[in-house]
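These notes concern the structure reproduced below.
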Amino acid sequence: MIRAFELSDMNDVVDIWLQASIKAHSFVGSQFWESKIDDMRNRYIPASETYVYIEDGITKGFFSLHGDTLAAMFVSPDFQGKGIGQQLMDKAKSLRGTLHLAVYQENPKGIDFYLKCGFVITKETVDNHTGHTEIIMEYRS
């Protein structure tokens, strides 16, 4: 089931974000992600429209929209490869006619997932926080 984020989901969402970020972005280093926990909890999640995927009472994934930007989409590493990301993406696409996102160039699984979901690459840029190249992608319904 996908439903709107509730404050009681915060710990699960931040934990999923941290675990999945470390796994997908090992080229950045876990210390960087750990240093952003408070920002996620106190700044980014509260400023976003967030939805969670819950099954059997367990939060298994989430996505956050900030305007037309897909600011975050993460599935717990324990539950990846089971179609949860696709369900979350379908929900996000149902909420917006256009979506933009940034994904690290060194995350080929993420890039492939977004391409399969109908996103197209529009440009490359450098993330000011990490110095790594990001691929900017767009989806239009």
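In the structure tokens, chains take the letters A, B, ... in the order shown, each chain's residues start at 1, and ligands count up from 1 in the order shown.
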
Can you tell me which residues surround Lys91 (chain A) at a distance of at most 12 Å, considering only C-alpha atoms, apart from same-chain residues fewer than 5 positions away, and format the answer as a compact mmCIF listing (two decimals) with N, CA and C atoms, in the first residue's frame?
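Written file, result28.txt:
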```
# COMPACT_ATOMS: atom_id res chain seq x y z
N MET A 1 0.85 -1.18 0.00
CA MET A 1 0.00 0.00 0.00
C MET A 1 0.89 1.24 0.00
N ILE A 2 0.53 2.18 -0.83
CA ILE A 2 1.22 3.47 -0.84
C ILE A 2 0.27 4.50 -0.23
N ARG A 3 0.79 5.25 0.72
CA ARG A 3 -0.02 6.28 1.36
C ARG A 3 0.86 7.50 1.65
N ALA A 4 0.19 8.60 1.95
CA ALA A 4 0.91 9.83 2.28
C ALA A 4 1.72 9.64 3.56
N THR A 50 5.71 13.63 0.49
CA THR A 50 6.32 12.30 0.58
C THR A 50 5.24 11.23 0.72
N TYR A 51 5.51 10.09 0.07
CA TYR A 51 4.63 8.93 0.13
C TYR A 51 5.46 7.71 0.51
N VAL A 52 4.85 6.82 1.29
CA VAL A 52 5.54 5.62 1.75
C VAL A 52 4.86 4.37 1.21
N TYR A 53 5.67 3.35 1.00
CA TYR A 53 5.18 2.03 0.60
C TYR A 53 5.27 1.15 1.83
N PHE A 62 9.97 4.73 -0.17
CA PHE A 62 9.30 6.02 -0.18
C PHE A 62 9.78 6.84 -1.36
N PHE A 63 9.03 7.88 -1.67
CA PHE A 63 9.49 8.90 -2.60
C PHE A 63 9.04 10.26 -2.08
N SER A 64 9.80 11.29 -2.49
CA SER A 64 9.49 12.66 -2.10
C SER A 64 9.49 13.54 -3.34
N LEU A 65 8.46 14.36 -3.43
CA LEU A 65 8.34 15.33 -4.50
C LEU A 65 8.53 16.72 -3.92
N LEU A 70 11.39 15.00 -8.57
CA LEU A 70 11.43 13.77 -7.78
C LEU A 70 12.72 13.85 -6.98
N MET A 73 13.75 8.90 -4.16
CA MET A 73 13.02 7.64 -4.32
C MET A 73 13.96 6.54 -3.88
N ILE A 84 8.77 -2.80 -5.97
CA ILE A 84 8.33 -1.70 -5.12
C ILE A 84 8.68 -0.36 -5.77
N GLY A 85 9.88 -0.24 -6.30
CA GLY A 85 10.29 1.00 -6.96
C GLY A 85 9.36 1.36 -8.11
N GLN A 86 8.95 0.36 -8.88
CA GLN A 86 8.04 0.61 -10.01
C GLN A 86 6.69 1.11 -9.51
N ARG A 96 2.00 13.96 -11.04
CA ARG A 96 2.60 15.05 -11.80
C ARG A 96 2.62 14.70 -13.29
N GLY A 97 2.41 15.67 -14.14
CA GLY A 97 2.51 15.46 -15.58
C GLY A 97 3.94 15.49 -16.06
N LEU A 99 8.06 15.31 -14.45
CA LEU A 99 8.95 15.08 -13.31
C LEU A 99 10.39 15.30 -13.76
N CYS A 117 11.55 3.69 -16.87
CA CYS A 117 10.31 4.35 -16.42
C CYS A 117 9.90 5.50 -17.35
```

Where does region 69-124 of chain A meet region 15-32 of chain A within 9 Å, residue by residue, with the nearest atom pair and distance in Å to one decimal for each, counting only C-alpha atoms, listed by chain and rising number, as CSV?
```
residue,atom,partner,partner_atom,distance
A:Ala72,CA,A:Trp17,CA,8.4
A:Met73,CA,A:Trp17,CA,8.3
A:Phe74,CA,A:Trp17,CA,6.1
A:Val75,CA,A:Ile16,CA,6.6
A:Ser76,CA,A:Ile16,CA,5.1
A:Pro77,CA,A:Ala20,CA,5.8
A:Tyr104,CA,A:His25,CA,7.9
A:Glu106,CA,A:Phe27,CA,7.6
A:Asn107,CA,A:Ala24,CA,6.4
A:Lys109,CA,A:Ala24,CA,8.3
A:Gly110,CA,A:Ala24,CA,8.0
```

Next on the checklist: Write out as number ranges by chain the set of residues from chain A that DSSP, computed on the backbone, places in strand (DSSP E or B).
Outcome noted: A: 2-4, 49-55, 58-66, 69-75, 98-104, 120-126, 133-140

Checklist entry - Which polymer residues have any atom within 10 Å of an atom of Ile121 (chain A), counting only C-alpha atoms, with same-chain residues fewer than 2 positions away left out, as number ranges by chain? => result A: 100-102, 111, 114-115, 119, 123-124, 135-139

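DSSP annotation of region 23-94 of chain A from backbone atoms: helix (DSSP H, G or I) residues are Lys23, Ala24, Ser30, Gln31, Phe32, Trp33, Glu34, Ile37, Asp38, Asp39, Met40, Arg41, Asn42, Arg43, Tyr44, Pro77, Asp78, Phe79, Ile84, Gly85, Gln86, Gln87, Leu88, Met89, Asp90, Lys91, Ala92, Lys93 and Ser94 of chain A.
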